[in-house]
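Engineer: Handing over query_36.txt, compact mmCIF, C-alpha atoms.
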# COMPACT_ATOMS: atom_id res chain seq x y z
CA MET A 1 -18.62 0.55 -9.38
CA ASN A 2 -20.35 2.79 -6.85
CA GLU A 3 -20.66 6.47 -7.69
CA TYR A 4 -21.42 8.08 -4.35
CA LYS A 5 -20.92 11.84 -4.29
CA PHE A 6 -20.02 13.75 -1.15
CA LYS A 7 -23.66 14.59 -0.34
CA ASP A 8 -24.60 10.88 -0.52
CA ILE A 9 -22.14 9.77 2.17
CA LYS A 10 -23.49 9.10 5.66
CA ILE A 11 -21.64 7.99 8.78
CA GLY A 12 -21.99 4.25 9.22
CA MET A 13 -22.11 3.39 5.50
CA GLU A 14 -20.26 0.12 4.99
CA GLU A 15 -18.97 -1.82 2.02
CA SER A 16 -17.31 -5.22 1.88
CA PHE A 17 -15.83 -7.42 -0.84
CA GLU A 18 -13.71 -10.53 -1.25
CA ALA A 19 -10.37 -10.79 -2.99
CA CYS A 20 -8.04 -13.70 -3.63
CA ILE A 21 -4.27 -13.81 -3.57
CA THR A 22 -2.81 -16.11 -6.22
CA GLU A 23 0.73 -17.16 -7.17
CA GLU A 24 0.22 -15.05 -10.31
CA LYS A 25 -0.57 -11.96 -8.22
CA MET A 26 2.48 -12.64 -6.01
CA LYS A 27 4.64 -12.82 -9.14
CA ALA A 28 3.07 -9.68 -10.65
CA PHE A 29 3.60 -7.73 -7.41
CA ARG A 30 7.23 -8.93 -7.25
CA GLU A 31 7.75 -7.74 -10.82
CA ILE A 32 6.07 -4.37 -10.19
CA THR A 33 8.02 -3.61 -7.04
CA GLY A 34 11.29 -5.46 -7.39
CA ASP A 35 10.78 -6.76 -3.84
CA ILE A 36 12.75 -10.00 -4.13
CA ASN A 37 12.79 -10.68 -0.38
CA PRO A 38 12.94 -14.47 0.09
CA ARG A 39 10.21 -14.35 2.76
CA HIS A 40 7.77 -13.91 -0.13
CA ASN A 41 9.54 -16.19 -2.59
CA ARG A 42 10.15 -19.58 -1.02
CA GLU A 43 10.84 -22.02 -3.81
CA ASN A 44 9.47 -25.53 -3.32
CA ASN A 45 7.35 -24.33 -0.44
CA GLU A 46 4.71 -22.10 -1.91
CA LYS A 47 2.30 -22.76 0.94
CA GLU A 48 4.67 -21.12 3.43
CA ASN A 49 5.18 -18.02 1.33
CA VAL A 50 4.15 -14.99 3.32
CA VAL A 51 2.04 -12.75 1.10
CA PHE A 52 3.48 -9.25 0.64
CA GLY A 53 1.74 -7.05 3.22
CA MET A 54 1.57 -4.21 0.71
CA LEU A 55 -0.08 -6.58 -1.78
CA THR A 56 -2.89 -7.29 0.69
CA THR A 57 -3.35 -3.56 1.27
CA SER A 58 -3.35 -2.78 -2.46
CA PHE A 59 -7.04 -3.77 -2.20
CA LEU A 60 -7.57 -0.51 -0.29
CA SER A 61 -7.25 1.09 -3.71
CA THR A 62 -10.27 -0.98 -4.75
CA LEU A 63 -12.15 -0.30 -1.51
CA ALA A 64 -11.97 3.45 -2.12
CA GLY A 65 -11.96 3.51 -5.92
CA VAL A 66 -14.73 1.00 -6.61
CA TYR A 67 -16.81 0.63 -3.43
CA LEU A 68 -16.64 3.50 -0.92
CA PRO A 69 -17.16 6.08 -2.31
CA GLY A 70 -16.25 4.57 -5.71
CA LYS A 71 -15.84 6.60 -8.89
CA TYR A 72 -15.30 10.03 -7.29
CA SER A 73 -12.68 9.04 -4.72
CA LEU A 74 -9.15 10.25 -4.23
CA ILE A 75 -7.14 8.74 -1.38
CA HIS A 76 -5.55 11.40 0.86
CA SER A 77 -3.92 9.22 3.53
CA VAL A 78 -3.74 5.65 4.77
CA GLU A 79 -2.74 4.16 8.12
CA ILE A 80 -2.29 0.40 8.20
CA LEU A 81 -1.56 -1.87 11.15
CA PHE A 82 -0.56 -5.40 10.15
CA LYS A 83 -1.85 -7.92 12.72
CA LYS A 84 -1.09 -11.38 11.28
CA PRO A 85 0.86 -12.76 8.33
CA VAL A 86 -1.21 -13.80 5.30
CA TYR A 87 -0.62 -17.03 3.37
CA ILE A 88 -2.16 -17.97 0.06
CA LYS A 89 -4.07 -20.77 1.81
CA ASP A 90 -5.90 -18.05 3.80
CA ASN A 91 -7.98 -17.11 0.72
CA PRO A 92 -10.27 -15.40 0.24
CA LEU A 93 -9.55 -12.14 2.02
CA THR A 94 -12.51 -9.97 2.97
CA ILE A 95 -11.94 -6.23 2.85
CA THR A 96 -14.45 -4.11 4.78
CA GLY A 97 -14.67 -0.34 5.11
CA LYS A 98 -17.03 1.83 7.15
CA VAL A 99 -17.45 5.62 7.17
CA ILE A 100 -16.64 6.90 10.66
CA ASP A 101 -16.23 10.62 9.99
CA ILE A 102 -17.18 13.21 7.40
CA ASN A 103 -15.27 16.47 6.99
CA ASP A 104 -17.39 19.04 5.16
CA GLN A 105 -14.64 21.60 4.86
CA PHE A 106 -12.25 19.29 3.01
CA LYS A 107 -14.94 17.09 1.37
CA GLN A 108 -13.08 14.24 2.97
CA ILE A 109 -14.41 11.08 4.58
CA THR A 110 -12.65 8.85 7.09
CA ILE A 111 -13.01 5.12 6.46
CA GLN A 112 -12.16 2.55 9.10
CA PHE A 113 -11.17 -0.69 7.40
CA ASP A 114 -10.12 -4.21 8.20
CA ILE A 115 -8.92 -7.15 6.16
CA ARG A 116 -9.86 -10.65 7.34
CA ASN A 117 -8.67 -14.07 6.22
CA CYS A 118 -10.91 -17.07 5.48
CA LYS A 119 -10.94 -17.94 9.20
CA ASN A 120 -12.42 -14.48 9.91
CA GLU A 121 -9.18 -13.44 11.63
CA LYS A 122 -8.28 -9.78 11.25
CA VAL A 123 -4.96 -9.65 9.37
CA SER A 124 -4.79 -5.86 9.15
CA ARG A 125 -6.81 -2.81 10.08
CA GLY A 126 -6.54 0.93 9.89
CA ILE A 127 -8.08 4.09 8.57
CA MET A 128 -8.10 5.87 5.22
CA LYS A 129 -8.95 9.50 4.57
CA VAL A 130 -10.52 9.83 1.16
CA GLY A 131 -11.53 12.93 -0.73
CA VAL A 132 -14.82 12.77 -2.60
CA THR A 133 -14.65 14.89 -5.71
CA ASP A 134 -17.64 16.21 -7.65
CA GLU A 135 -16.55 14.61 -10.92
CA MET B 136 19.61 -7.06 -1.14
CA ASN B 137 20.78 -5.68 2.18
CA GLU B 138 20.90 -8.05 5.13
CA TYR B 139 21.07 -5.74 8.13
CA LYS B 140 20.28 -7.43 11.42
CA PHE B 141 18.80 -5.56 14.38
CA LYS B 142 22.22 -4.94 15.95
CA ASP B 143 23.45 -3.34 12.71
CA ILE B 144 20.77 -0.66 12.59
CA LYS B 145 21.69 2.88 13.70
CA ILE B 146 19.54 5.98 13.83
CA GLY B 147 20.15 8.10 10.73
CA MET B 148 20.84 5.19 8.36
CA GLU B 149 19.35 6.05 4.97
CA GLU B 150 18.61 4.16 1.76
CA SER B 151 17.29 5.44 -1.54
CA PHE B 152 16.36 3.88 -4.88
CA GLU B 153 14.58 4.76 -8.10
CA ALA B 154 11.53 3.04 -9.54
CA CYS B 155 9.55 3.59 -12.71
CA ILE B 156 5.83 3.38 -13.29
CA THR B 157 4.91 1.95 -16.69
CA GLU B 158 1.64 1.28 -18.50
CA GLU B 159 2.38 -2.41 -17.93
CA LYS B 160 2.63 -1.88 -14.16
CA MET B 161 -0.61 0.12 -14.19
CA LYS B 162 -2.31 -2.75 -16.03
CA ALA B 163 -0.82 -5.37 -13.67
CA PHE B 164 -1.94 -3.40 -10.60
CA ARG B 165 -5.44 -3.03 -12.06
CA GLU B 166 -5.58 -6.78 -12.65
CA ILE B 167 -4.28 -7.60 -9.15
CA THR B 168 -6.69 -5.30 -7.34
CA GLY B 169 -9.73 -5.05 -9.58
CA ASP B 170 -9.59 -1.27 -9.13
CA ILE B 171 -11.21 -0.23 -12.39
CA ASN B 172 -11.70 3.41 -11.37
CA PRO B 173 -11.59 5.52 -14.56
CA ARG B 174 -9.27 8.06 -12.91
CA HIS B 175 -6.51 5.49 -13.47
CA ASN B 176 -7.73 4.18 -16.79
CA ARG B 177 -8.27 7.06 -19.20
CA GLU B 178 -8.36 5.63 -22.67
CA ASN B 179 -6.78 7.74 -25.40
CA ASN B 180 -5.20 9.95 -22.80
CA GLU B 181 -2.57 7.86 -21.10
CA LYS B 182 -0.54 10.92 -20.14
CA GLU B 183 -3.35 12.17 -17.91
CA ASN B 184 -3.83 8.86 -16.14
CA VAL B 185 -3.32 9.36 -12.43
CA VAL B 186 -1.11 6.55 -11.14
CA PHE B 187 -2.77 4.44 -8.41
CA GLY B 188 -1.56 5.88 -5.09
CA MET B 189 -1.31 2.40 -3.64
CA LEU B 190 0.86 1.38 -6.62
CA THR B 191 3.36 4.12 -5.82
CA THR B 192 3.43 3.00 -2.17
CA SER B 193 3.86 -0.66 -3.11
CA PHE B 194 7.55 0.32 -3.38
CA LEU B 195 7.55 0.59 0.42
CA SER B 196 7.57 -3.20 0.30
CA THR B 197 10.85 -2.94 -1.59
CA LEU B 198 12.22 -0.21 0.69
CA ALA B 199 11.82 -2.45 3.74
CA GLY B 200 12.32 -5.86 2.13
CA VAL B 201 15.35 -5.12 -0.05
CA TYR B 202 17.01 -1.96 1.30
CA LEU B 203 16.28 -1.03 4.91
CA PRO B 204 16.76 -3.39 6.67
CA GLY B 205 16.45 -5.80 3.72
CA LYS B 206 16.29 -9.57 4.09
CA TYR B 207 15.26 -9.74 7.76
CA SER B 208 12.42 -7.23 7.65
CA LEU B 209 8.76 -7.63 8.48
CA ILE B 210 6.52 -4.56 8.13
CA HIS B 211 4.42 -3.90 11.26
CA SER B 212 2.64 -0.70 10.27
CA VAL B 213 2.60 2.01 7.62
CA GLU B 214 1.29 5.57 7.61
CA ILE B 215 1.14 7.30 4.25
CA LEU B 216 0.21 10.87 3.42
CA PHE B 217 -0.34 11.50 -0.28
CA LYS B 218 0.78 15.02 -1.24
CA LYS B 219 0.51 15.24 -5.03
CA PRO B 220 -0.90 13.07 -7.82
CA VAL B 221 1.63 11.02 -9.80
CA TYR B 222 1.56 10.73 -13.58
CA ILE B 223 3.60 8.32 -15.67
CA LYS B 224 5.50 11.26 -17.14
CA ASP B 225 6.79 11.98 -13.61
CA ASN B 226 9.20 8.99 -13.84
CA PRO B 227 11.38 7.98 -12.22
CA LEU B 228 10.15 8.04 -8.64
CA THR B 229 12.78 8.16 -5.91
CA ILE B 230 11.93 6.31 -2.71
CA THR B 231 13.98 7.29 0.35
CA GLY B 232 13.86 5.91 3.88
CA LYS B 233 15.73 6.93 7.01
CA VAL B 234 15.83 5.28 10.44
CA ILE B 235 14.45 7.74 13.01
CA ASP B 236 13.82 5.44 15.98
CA ILE B 237 14.91 2.04 17.28
CA ASN B 238 12.80 0.05 19.74
CA ASP B 239 14.95 -2.55 21.50
CA GLN B 240 12.05 -4.21 23.28
CA PHE B 241 10.11 -5.00 20.10
CA LYS B 242 13.19 -5.25 17.79
CA GLN B 243 11.35 -2.70 15.70
CA ILE B 244 12.71 0.27 13.77
CA THR B 245 10.83 3.37 12.64
CA ILE B 246 11.57 4.51 9.10
CA GLN B 247 10.59 7.94 7.86
CA PHE B 248 10.09 7.81 4.11
CA ASP B 249 9.27 10.00 1.19
CA ILE B 250 8.59 9.42 -2.49
CA ARG B 251 9.63 12.13 -4.96
CA ASN B 252 8.89 12.57 -8.64
CA CYS B 253 11.45 13.46 -11.33
CA LYS B 254 11.07 17.17 -10.46
CA ASN B 255 12.14 16.34 -6.90
CA GLU B 256 8.63 17.14 -5.64
CA LYS B 257 7.47 15.08 -2.68
CA VAL B 258 4.44 13.08 -3.83
CA SER B 259 4.00 11.16 -0.58
CA ARG B 260 5.60 10.79 2.81
CA GLY B 261 5.07 8.92 6.03
CA ILE B 262 6.50 6.43 8.46
CA MET B 263 6.82 2.66 8.58
CA LYS B 264 7.46 0.53 11.64
CA VAL B 265 9.43 -2.53 10.66
CA GLY B 266 10.44 -5.52 12.73
CA VAL B 267 13.95 -6.84 12.19
CA THR B 268 14.01 -10.60 12.70
CA ASP B 269 17.12 -12.65 13.40
CA GLU B 270 16.58 -14.92 10.42
Is it possible to express this structure as C-alpha cells?

Structural biologist:
Amino acid sequence: MNEYKFKDIKIGMEESFEACITEEKMKAFREITGDINPRHNRENNEKENVVFGMLTTSFLSTLAGVYLPGKYSLIHSVEILFKKPVYIKDNPLTITGKVIDINDQFKQITIQFDIRNCKNEKVSRGIMKVGVTDE
Amino acid sequence: MNEYKFKDIKIGMEESFEACITEEKMKAFREITGDINPRHNRENNEKENVVFGMLTTSFLSTLAGVYLPGKYSLIHSVEILFKKPVYIKDNPLTITGKVIDINDQFKQITIQFDIRNCKNEKVSRGIMKVGVTDE
C-alpha cells in the first residue's frame, strides 16, 4: 500500500493495477446490494452476464485507498462515465489513475481515471477528488 | 423489482429503500476490491471503522436496477458527492432517488439521489443518468 502524504503528491503522478471480475465477486456484490436485476444474473448464460457497473467502479476505492495516494486518502467525490458494458470474459480490467490537479487549500487532489478491459478498450472513465490526510 | 419502461417514467417519480452495512459486507467488499486501507479495517475497534464510501454507493446499483426504473435500466453515468463518513452504527441507510429530467432522444432519465444515515443526515448525494431500455 502506498503512503503518499499531501506534500509528496505531484501533478502527473500515475498508478495502475489489474483486477479480475469473477462469478464469486458477482454473487458477493449481488448479496451486498440486493441488486437482483436479471441483466446481471442470466442463468445458463454466464458469459453474457453484464457485470454490475458499480462493481467495476468499486475498484476506485482501491485506486484511492491503496495506490494513489494510498493509506492517507479519503474520497470526497466521484464522477463516472460508463462507456461500454463489461463481461467476465473481458478480464482482467486495468484501473489507471493520474493526478491532474492539486488543491492546497483543501488538501485535495483530483485524479483522472479510466478502466480498460483486456482488449485495452476504455469501459469507463471519470474523475475523483480525494482528500489526503496527515494521518 | 419494478419494471418501468421509458414511457412510464414521469418527472418527480421517487423511490426509497433501506439498506444495512454489516461487518460481513465490509469483509466481502474488501475481498472484492482488495482495498485493504486501514481506515476501513480497524481491528479491535469495529465501531470506529469508516465504511467504504464506494460500498455505500454500491446501493445505487440497486436504486437503478431494482427500483427506478428497475428491470430495464442501464446506468450511463454517476456523480457522487460524499458529505459525511458512515459508520456501521449509522444503520440503516436510506437510499432515495427522484426523476428530475427525461431525455427522449437518448431514452435516458436523470435521477437525483441521496443516502441518509439513521439520524436522517445526508451522507452522500448526487445524480445518475440511466438509460431505460425496451427489454

Engineer: Given a cut-off of 7 Å, which residues of chain A touch chain B, counting all atoms listed in the file, written out as a list in words?

Structural biologist: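 Going by the stated atoms only, the list reads Lys25, Ala28, Ile32, Thr33, Gly34, Asp35, Ile36, Asn37, Met54, Ser58, Phe59, Ser61, Thr62, Gly65, Val66, Lys71, His76, Ser77, Val78, Glu79, Ile80, Leu81 and Phe82 of chain A.
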
Engineer: Emit the selected residues as a JSON list (two decimals), keeping the file's coordinate frame, including C-alpha atoms.

Structural biologist:
[["chain", "number", "residue", "atom", "x", "y", "z"],
["A", 25, "LYS", "CA", -0.57, -11.96, -8.22],
["A", 28, "ALA", "CA", 3.07, -9.68, -10.65],
["A", 32, "ILE", "CA", 6.07, -4.37, -10.19],
["A", 33, "THR", "CA", 8.02, -3.61, -7.04],
["A", 34, "GLY", "CA", 11.29, -5.46, -7.39],
["A", 35, "ASP", "CA", 10.78, -6.76, -3.84],
["A", 36, "ILE", "CA", 12.75, -10.00, -4.13],
["A", 37, "ASN", "CA", 12.79, -10.68, -0.38],
["A", 54, "MET", "CA", 1.57, -4.21, 0.71],
["A", 58, "SER", "CA", -3.35, -2.78, -2.46],
["A", 59, "PHE", "CA", -7.04, -3.77, -2.20],
["A", 61, "SER", "CA", -7.25, 1.09, -3.71],
["A", 62, "THR", "CA", -10.27, -0.98, -4.75],
["A", 65, "GLY", "CA", -11.96, 3.51, -5.92],
["A", 66, "VAL", "CA", -14.73, 1.00, -6.61],
["A", 71, "LYS", "CA", -15.84, 6.60, -8.89],
["A", 76, "HIS", "CA", -5.55, 11.40, 0.86],
["A", 77, "SER", "CA", -3.92, 9.22, 3.53],
["A", 78, "VAL", "CA", -3.74, 5.65, 4.77],
["A", 79, "GLU", "CA", -2.74, 4.16, 8.12],
["A", 80, "ILE", "CA", -2.29, 0.40, 8.20],
["A", 81, "LEU", "CA", -1.56, -1.87, 11.15],
["A", 82, "PHE", "CA", -0.56, -5.40, 10.15]]

Engineer: Around range 31-44 of chain A, fit a box with edges along x, y and z, padding it by 5 Å on each side, then list its centre and edge lengths in Å to one decimal as JSON.

Structural biologist:
{"center_x": 9.5, "center_y": -14.6, "center_z": -4.0, "size_x": 16.9, "size_y": 31.9, "size_z": 23.6}

Engineer: Just the residues within 10 Å of Lys145 in chain B, please, counting only C-alpha atoms, with nothing from its chain fewer than 6 positions along; format it as a PyMOL selection string.

Structural biologist: chain B and resi 233-237+244

Engineer: If you keep C-alpha atoms, can you produce a file of those selected residues as a tab-separated table (two decimals), keeping the file's coordinate frame?

Structural biologist:
chain	number	residue	atom	x	y	z
B	233	LYS	CA	15.73	6.93	7.01
B	234	VAL	CA	15.83	5.28	10.44
B	235	ILE	CA	14.45	7.74	13.01
B	236	ASP	CA	13.82	5.44	15.98
B	237	ILE	CA	14.91	2.04	17.28
B	244	ILE	CA	12.71	0.27	13.77

Engineer: Could you pull the residues within 12 Å of Asp239 in chain B, counting all atoms listed in the file, minus those fewer than 2 positions along the same chain, as a ChimeraX atom specification?

Structural biologist: /B:141-142,144-145,236-237,241-245,266-268

Engineer: Would you save the residues from that selection as a PDB file, keeping the file's coordinate frame, using C-alpha atoms?

Structural biologist:
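So result22.pdb came out as:
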ATOM      1  CA  PHE B 141      18.800  -5.560  14.380  1.00  0.00           C
ATOM      2  CA  LYS B 142      22.220  -4.940  15.950  1.00  0.00           C
ATOM      3  CA  ILE B 144      20.770  -0.660  12.590  1.00  0.00           C
ATOM      4  CA  LYS B 145      21.690   2.880  13.700  1.00  0.00           C
ATOM      5  CA  ASP B 236      13.820   5.440  15.980  1.00  0.00           C
ATOM      6  CA  ILE B 237      14.910   2.040  17.280  1.00  0.00           C
ATOM      7  CA  PHE B 241      10.110  -5.000  20.100  1.00  0.00           C
ATOM      8  CA  LYS B 242      13.190  -5.250  17.790  1.00  0.00           C
ATOM      9  CA  GLN B 243      11.350  -2.700  15.700  1.00  0.00           C
ATOM     10  CA  ILE B 244      12.710   0.270  13.770  1.00  0.00           C
ATOM     11  CA  THR B 245      10.830   3.370  12.640  1.00  0.00           C
ATOM     12  CA  GLY B 266      10.440  -5.520  12.730  1.00  0.00           C
ATOM     13  CA  VAL B 267      13.950  -6.840  12.190  1.00  0.00           C
ATOM     14  CA  THR B 268      14.010 -10.600  12.700  1.00  0.00           C
TER      15      THR B 268
END

Engineer: So how many Å separate CA of Ile250 in chain B and CA of Thr229 in chain B, to one decimal?

Structural biologist: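 It comes out at 5.6 Å.
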
Engineer: Quick one: residues within 10 Å of (-19.6, -7.0, -0.8) (file frame), counting all atoms listed in the file, please, as a list of chain:residue names.

Structural biologist: A:Glu14, A:Glu15, A:Ser16, A:Phe17, A:Glu18, A:Tyr67, A:Thr94, A:Ile95, A:Thr96

Engineer: What is the CA of Tyr87 in chain A-CA of Pro69 in chain A distance in Å, reported with one decimal?

Structural biologist: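 Separation between CA of Tyr87 in chain A and CA of Pro69 in chain A: 29.0 Å.
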
Engineer: Compare A:Asp114, A:Glu23, A:Glu121, A:Asp134 by their minimum atom-to-atom distance to Ile88 in chain A, counting all atoms listed in the file, and give me the closest one.

Structural biologist: A:Glu23

Engineer: In Å, how far is it from CA of Tyr4 in chain A to CA of Leu93 in chain A?

Structural biologist: 24.3 Å

Engineer: Which residue is closest to Val265 in chain B? Choose from B:Glu183, B:Cys253, B:Lys162, B:Lys140 and count all atoms listed in the file.

Structural biologist: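 Answer, going by the shortest atom-to-atom distance: B:Lys140.
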
Engineer: Looking at A:Asn91, A:Ile111, A:Val51, A:Arg116, which one is nearest to Gly12 in chain A, with distances taken over only C-alpha atoms?

Structural biologist: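 The closest residue to Gly12 in chain A is A:Ile111.
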